[in-house]
Amino acid sequence: MKKVIWAIVLLIAPVAVCALSLFYVMKVSNESREYVEILQNSVKNSEFKKAKIEVDNFENYWKNQYELLSIIINHNIIQEIDESVSLLKASIKDISEDEKVDFELESARAILRIKNLYDMELPSVYNIF
């Protein structure tokens with residue numbers, strides 16, 4: 001009977017870890033997307049000082065999540081998002097009305113990469129094969 005209980009525990013433990021990691025990735029993905037959307041709204045409304053503060057907040061948030069995500073997820077995807085965060089910060093550093101297009105392109109790319117982060121973690125046939 002003990003062997004059956006241990007077998008059940010050993011079956012449930014990895015499934016629970018996978019589910020928890022999926023929820024964590026979903027949480028990070030949603031919060032990261034919210035940061036980028038706040039940045040987009042700030043730039044759209046020409047609130048550049050607020051945008052500079054928010055991009056620093058987003059960078060700090062991403063650095064805090066980066067270590068744990070690198071354990072859970074394929075490193076290439078995280079590197080792409082990290083690159084987008086750096087490019088967002090660089091494009092917002094000296095932004096003006098004329099340079100909004102560069103920021104808008106990079107923020108759209110960042111949102112796609114963040115969405116890809118979550119999509120790649122969902123169990124699907126594409127992810128298995």
# chains A, B, ... in the order shown; residues from 1 in each chain; ligands from 1
>>> residues_around(residues="stretch 69-75 of chain A", least_positions_apart="6", cutoff="12 Å", atoms="only C-alpha atoms", output="mmCIF file with all heavy atoms, in the first residue's frame")
data_model
loop_
_atom_site.group_PDB
_atom_site.id
_atom_site.type_symbol
_atom_site.label_atom_id
_atom_site.label_comp_id
_atom_site.auth_asym_id
_atom_site.auth_seq_id
_atom_site.Cartn_x
_atom_site.Cartn_y
_atom_site.Cartn_z
ATOM 1 N N VAL A 17 4.010 21.004 -9.857
ATOM 2 C CA VAL A 17 5.103 21.934 -10.180
ATOM 3 C C VAL A 17 4.881 22.557 -11.556
ATOM 4 O O VAL A 17 5.070 23.767 -11.745
ATOM 5 C CB VAL A 17 6.469 21.216 -10.099
ATOM 6 C CG1 VAL A 17 7.568 22.069 -10.676
ATOM 7 C CG2 VAL A 17 6.785 20.848 -8.658
ATOM 8 N N CYS A 18 4.466 21.760 -12.519
ATOM 9 C CA CYS A 18 4.188 22.284 -13.863
ATOM 10 C C CYS A 18 3.041 23.294 -13.836
ATOM 11 O O CYS A 18 3.108 24.338 -14.490
ATOM 12 C CB CYS A 18 3.857 21.150 -14.824
ATOM 13 S SG CYS A 18 5.277 20.130 -15.236
ATOM 14 N N ALA A 19 1.996 22.974 -13.104
ATOM 15 C CA ALA A 19 0.852 23.884 -13.013
ATOM 16 C C ALA A 19 1.254 25.191 -12.337
ATOM 17 O O ALA A 19 0.872 26.280 -12.800
ATOM 18 C CB ALA A 19 -0.294 23.223 -12.253
ATOM 19 N N LEU A 20 2.019 25.112 -11.258
ATOM 20 C CA LEU A 20 2.468 26.323 -10.570
ATOM 21 C C LEU A 20 3.365 27.169 -11.463
ATOM 22 O O LEU A 20 3.253 28.400 -11.482
ATOM 23 C CB LEU A 20 3.192 25.961 -9.273
ATOM 24 C CG LEU A 20 2.319 25.432 -8.146
ATOM 25 C CD1 LEU A 20 3.182 24.970 -6.974
ATOM 26 C CD2 LEU A 20 1.329 26.488 -7.692
ATOM 27 N N SER A 21 4.247 26.529 -12.209
ATOM 28 C CA SER A 21 5.120 27.293 -13.102
ATOM 29 C C SER A 21 4.314 27.947 -14.216
ATOM 30 O O SER A 21 4.599 29.076 -14.617
ATOM 31 C CB SER A 21 6.229 26.419 -13.671
ATOM 32 O OG SER A 21 5.719 25.471 -14.566
ATOM 33 N N LEU A 22 3.280 27.285 -14.701
ATOM 34 C CA LEU A 22 2.421 27.867 -15.730
ATOM 35 C C LEU A 22 1.687 29.095 -15.198
ATOM 36 O O LEU A 22 1.615 30.126 -15.870
ATOM 37 C CB LEU A 22 1.425 26.832 -16.242
ATOM 38 C CG LEU A 22 0.497 27.283 -17.357
ATOM 39 C CD1 LEU A 22 1.293 27.623 -18.615
ATOM 40 C CD2 LEU A 22 -0.520 26.206 -17.652
ATOM 41 N N PHE A 23 1.174 28.998 -13.984
ATOM 42 C CA PHE A 23 0.497 30.153 -13.378
ATOM 43 C C PHE A 23 1.468 31.297 -13.121
ATOM 44 O O PHE A 23 1.129 32.460 -13.298
ATOM 45 C CB PHE A 23 -0.223 29.758 -12.082
ATOM 46 C CG PHE A 23 -1.478 28.975 -12.324
ATOM 47 C CD1 PHE A 23 -1.619 27.704 -11.782
ATOM 48 C CD2 PHE A 23 -2.519 29.486 -13.095
ATOM 49 C CE1 PHE A 23 -2.770 26.972 -12.005
ATOM 50 C CE2 PHE A 23 -3.669 28.758 -13.319
ATOM 51 C CZ PHE A 23 -3.795 27.496 -12.768
ATOM 52 N N TYR A 24 2.683 30.975 -12.727
ATOM 53 C CA TYR A 24 3.692 32.013 -12.509
ATOM 54 C C TYR A 24 4.036 32.726 -13.816
ATOM 55 O O TYR A 24 4.106 33.955 -13.864
ATOM 56 C CB TYR A 24 4.949 31.396 -11.884
ATOM 57 C CG TYR A 24 6.070 32.385 -11.718
ATOM 58 C CD1 TYR A 24 6.014 33.365 -10.745
ATOM 59 C CD2 TYR A 24 7.175 32.348 -12.559
ATOM 60 C CE1 TYR A 24 7.032 34.288 -10.606
ATOM 61 C CE2 TYR A 24 8.202 33.259 -12.421
ATOM 62 C CZ TYR A 24 8.127 34.223 -11.436
ATOM 63 O OH TYR A 24 9.141 35.144 -11.303
ATOM 64 N N VAL A 25 4.221 31.965 -14.868
ATOM 65 C CA VAL A 25 4.533 32.553 -16.173
ATOM 66 C C VAL A 25 3.359 33.402 -16.654
ATOM 67 O O VAL A 25 3.554 34.493 -17.208
ATOM 68 C CB VAL A 25 4.893 31.463 -17.200
ATOM 69 C CG1 VAL A 25 4.967 32.024 -18.601
ATOM 70 C CG2 VAL A 25 6.202 30.800 -16.822
ATOM 71 N N MET A 26 2.141 32.945 -16.419
ATOM 72 C CA MET A 26 0.963 33.712 -16.807
ATOM 73 C C MET A 26 0.920 35.034 -16.042
ATOM 74 O O MET A 26 0.655 36.091 -16.625
ATOM 75 C CB MET A 26 -0.313 32.913 -16.536
ATOM 76 C CG MET A 26 -1.584 33.631 -16.939
ATOM 77 S SD MET A 26 -3.088 32.651 -16.714
ATOM 78 C CE MET A 26 -3.104 32.409 -14.946
ATOM 79 N N LYS A 27 1.222 34.999 -14.760
ATOM 80 C CA LYS A 27 1.228 36.208 -13.932
ATOM 81 C C LYS A 27 2.290 37.195 -14.420
ATOM 82 O O LYS A 27 2.009 38.379 -14.592
ATOM 83 C CB LYS A 27 1.494 35.834 -12.469
ATOM 84 C CG LYS A 27 1.640 37.001 -11.525
ATOM 85 C CD LYS A 27 2.001 36.493 -10.132
ATOM 86 C CE LYS A 27 2.630 37.545 -9.298
ATOM 87 N NZ LYS A 27 4.049 37.692 -9.425
ATOM 88 N N VAL A 28 3.494 36.717 -14.649
ATOM 89 C CA VAL A 28 4.579 37.579 -15.119
ATOM 90 C C VAL A 28 4.254 38.144 -16.496
ATOM 91 O O VAL A 28 4.484 39.329 -16.769
ATOM 92 C CB VAL A 28 5.921 36.812 -15.136
ATOM 93 C CG1 VAL A 28 6.997 37.609 -15.840
ATOM 94 C CG2 VAL A 28 6.349 36.482 -13.724
ATOM 95 N N SER A 29 3.687 37.322 -17.353
ATOM 96 C CA SER A 29 3.320 37.766 -18.698
ATOM 97 C C SER A 29 2.271 38.878 -18.644
ATOM 98 O O SER A 29 2.406 39.905 -19.313
ATOM 99 C CB SER A 29 2.796 36.582 -19.508
ATOM 100 O OG SER A 29 2.363 36.982 -20.772
ATOM 101 N N TRP A 62 11.353 43.375 -14.324
ATOM 102 C CA TRP A 62 11.843 42.308 -15.195
ATOM 103 C C TRP A 62 13.107 41.669 -14.626
ATOM 104 O O TRP A 62 13.263 40.450 -14.672
ATOM 105 C CB TRP A 62 12.078 42.828 -16.610
ATOM 106 C CG TRP A 62 12.507 41.728 -17.513
ATOM 107 C CD1 TRP A 62 13.738 41.526 -18.028
ATOM 108 C CD2 TRP A 62 11.713 40.631 -17.957
ATOM 109 N NE1 TRP A 62 13.766 40.383 -18.781
ATOM 110 C CE2 TRP A 62 12.529 39.805 -18.752
ATOM 111 C CE3 TRP A 62 10.381 40.268 -17.762
ATOM 112 C CZ2 TRP A 62 12.065 38.655 -19.353
ATOM 113 C CZ3 TRP A 62 9.922 39.102 -18.369
ATOM 114 C CH2 TRP A 62 10.756 38.314 -19.147
ATOM 115 N N LYS A 63 14.008 42.480 -14.084
ATOM 116 C CA LYS A 63 15.233 41.928 -13.489
ATOM 117 C C LYS A 63 14.911 41.013 -12.313
ATOM 118 O O LYS A 63 15.569 39.983 -12.123
ATOM 119 C CB LYS A 63 16.159 43.053 -13.035
ATOM 120 C CG LYS A 63 16.884 43.718 -14.169
ATOM 121 C CD LYS A 63 17.812 44.796 -13.662
ATOM 122 C CE LYS A 63 18.519 45.469 -14.819
ATOM 123 N NZ LYS A 63 19.409 46.548 -14.371
ATOM 124 N N ILE A 81 12.942 39.128 -24.672
ATOM 125 C CA ILE A 81 12.191 40.097 -23.868
ATOM 126 C C ILE A 81 13.151 41.029 -23.142
ATOM 127 O O ILE A 81 12.912 42.241 -23.063
ATOM 128 C CB ILE A 81 11.244 39.384 -22.884
ATOM 129 C CG1 ILE A 81 10.203 38.584 -23.660
ATOM 130 C CG2 ILE A 81 10.561 40.390 -21.973
ATOM 131 C CD1 ILE A 81 9.346 37.693 -22.809
ATOM 132 N N ASP A 82 14.243 40.489 -22.645
ATOM 133 C CA ASP A 82 15.247 41.317 -21.981
ATOM 134 C C ASP A 82 15.806 42.359 -22.958
ATOM 135 O O ASP A 82 16.006 43.518 -22.596
ATOM 136 C CB ASP A 82 16.365 40.435 -21.431
ATOM 137 C CG ASP A 82 17.220 41.130 -20.413
ATOM 138 O OD1 ASP A 82 16.655 41.826 -19.542
ATOM 139 O OD2 ASP A 82 18.449 40.984 -20.486
ATOM 140 N N ASN A 116 4.257 35.707 -26.536
ATOM 141 C CA ASN A 116 4.913 34.473 -26.953
ATOM 142 C C ASN A 116 5.464 33.712 -25.743
ATOM 143 O O ASN A 116 5.475 32.480 -25.733
ATOM 144 C CB ASN A 116 6.029 34.789 -27.945
ATOM 145 C CG ASN A 116 6.613 33.556 -28.565
ATOM 146 O OD1 ASN A 116 5.929 32.564 -28.742
ATOM 147 N ND2 ASN A 116 7.883 33.616 -28.892
ATOM 148 N N LEU A 117 5.896 34.430 -24.737
ATOM 149 C CA LEU A 117 6.399 33.813 -23.504
ATOM 150 C C LEU A 117 5.340 32.892 -22.907
ATOM 151 O O LEU A 117 5.609 31.733 -22.592
ATOM 152 C CB LEU A 117 6.786 34.912 -22.509
ATOM 153 C CG LEU A 117 7.127 34.504 -21.095
ATOM 154 C CD1 LEU A 117 8.530 33.935 -21.062
ATOM 155 C CD2 LEU A 117 7.030 35.706 -20.174
ATOM 156 N N TYR A 118 4.136 33.392 -22.786
ATOM 157 C CA TYR A 118 3.055 32.597 -22.208
ATOM 158 C C TYR A 118 2.604 31.500 -23.171
ATOM 159 O O TYR A 118 2.362 30.363 -22.759
ATOM 160 C CB TYR A 118 1.882 33.502 -21.836
ATOM 161 C CG TYR A 118 0.706 32.749 -21.271
ATOM 162 C CD1 TYR A 118 0.808 32.084 -20.057
ATOM 163 C CD2 TYR A 118 -0.495 32.682 -21.957
ATOM 164 C CE1 TYR A 118 -0.264 31.377 -19.542
ATOM 165 C CE2 TYR A 118 -1.560 31.984 -21.454
ATOM 166 C CZ TYR A 118 -1.440 31.332 -20.246
ATOM 167 O OH TYR A 118 -2.495 30.627 -19.742
ATOM 168 N N ASP A 119 2.491 31.840 -24.456
ATOM 169 C CA ASP A 119 2.020 30.847 -25.432
ATOM 170 C C ASP A 119 2.951 29.647 -25.522
ATOM 171 O O ASP A 119 2.499 28.526 -25.724
ATOM 172 C CB ASP A 119 1.877 31.487 -26.810
ATOM 173 C CG ASP A 119 0.721 32.464 -26.872
ATOM 174 O OD1 ASP A 119 -0.146 32.414 -25.978
ATOM 175 O OD2 ASP A 119 0.689 33.290 -27.812
ATOM 176 N N MET A 120 4.245 29.879 -25.387
ATOM 177 C CA MET A 120 5.202 28.779 -25.472
ATOM 178 C C MET A 120 5.148 27.855 -24.247
ATOM 179 O O MET A 120 5.619 26.730 -24.307
ATOM 180 C CB MET A 120 6.617 29.311 -25.653
ATOM 181 C CG MET A 120 6.849 29.968 -27.009
ATOM 182 S SD MET A 120 6.470 28.904 -28.401
ATOM 183 C CE MET A 120 7.795 27.734 -28.299
ATOM 184 N N GLU A 121 4.581 28.322 -23.165
ATOM 185 C CA GLU A 121 4.474 27.489 -21.970
ATOM 186 C C GLU A 121 3.190 26.682 -21.914
ATOM 187 O O GLU A 121 3.110 25.721 -21.171
ATOM 188 C CB GLU A 121 4.576 28.361 -20.708
ATOM 189 C CG GLU A 121 5.978 28.774 -20.389
ATOM 190 C CD GLU A 121 6.904 27.578 -20.224
ATOM 191 O OE1 GLU A 121 6.683 26.755 -19.316
ATOM 192 O OE2 GLU A 121 7.851 27.472 -21.010
ATOM 193 N N LEU A 122 2.196 27.082 -22.678
ATOM 194 C CA LEU A 122 0.947 26.316 -22.676
ATOM 195 C C LEU A 122 1.168 24.951 -23.291
ATOM 196 O O LEU A 122 1.835 24.830 -24.322
ATOM 197 C CB LEU A 122 -0.120 27.057 -23.473
ATOM 198 C CG LEU A 122 -0.716 28.290 -22.819
ATOM 199 C CD1 LEU A 122 -1.680 28.966 -23.774
ATOM 200 C CD2 LEU A 122 -1.438 27.931 -21.538
ATOM 201 N N ASN A 127 4.280 22.574 -28.895
ATOM 202 C CA ASN A 127 5.339 22.642 -27.894
ATOM 203 C C ASN A 127 5.972 21.292 -27.600
ATOM 204 O O ASN A 127 7.100 21.218 -27.138
ATOM 205 C CB ASN A 127 4.804 23.244 -26.592
ATOM 206 C CG ASN A 127 4.462 24.699 -26.734
ATOM 207 O OD1 ASN A 127 4.928 25.377 -27.644
ATOM 208 N ND2 ASN A 127 3.663 25.201 -25.826
#
>>> atom_distance(atom1="atom CA of A:Leu39", atom2="atom CA of A:Glu67")
23.6 Å
>>> atom_distance(atom1="atom CA of A:Glu59", atom2="atom CA of A:Lys89")
8.0 Å
>>> residues_around(residues="A:Lys100", least_positions_apart="3", cutoff="12 Å", atoms="only C-alpha atoms", output="JSON, numbers by chain")
{"A": [39, 40, 41, 42, 43, 44, 45, 46, 47, 48, 51, 88, 91, 92, 93, 94, 95, 96, 97, 103, 104, 105, 106, 107]}
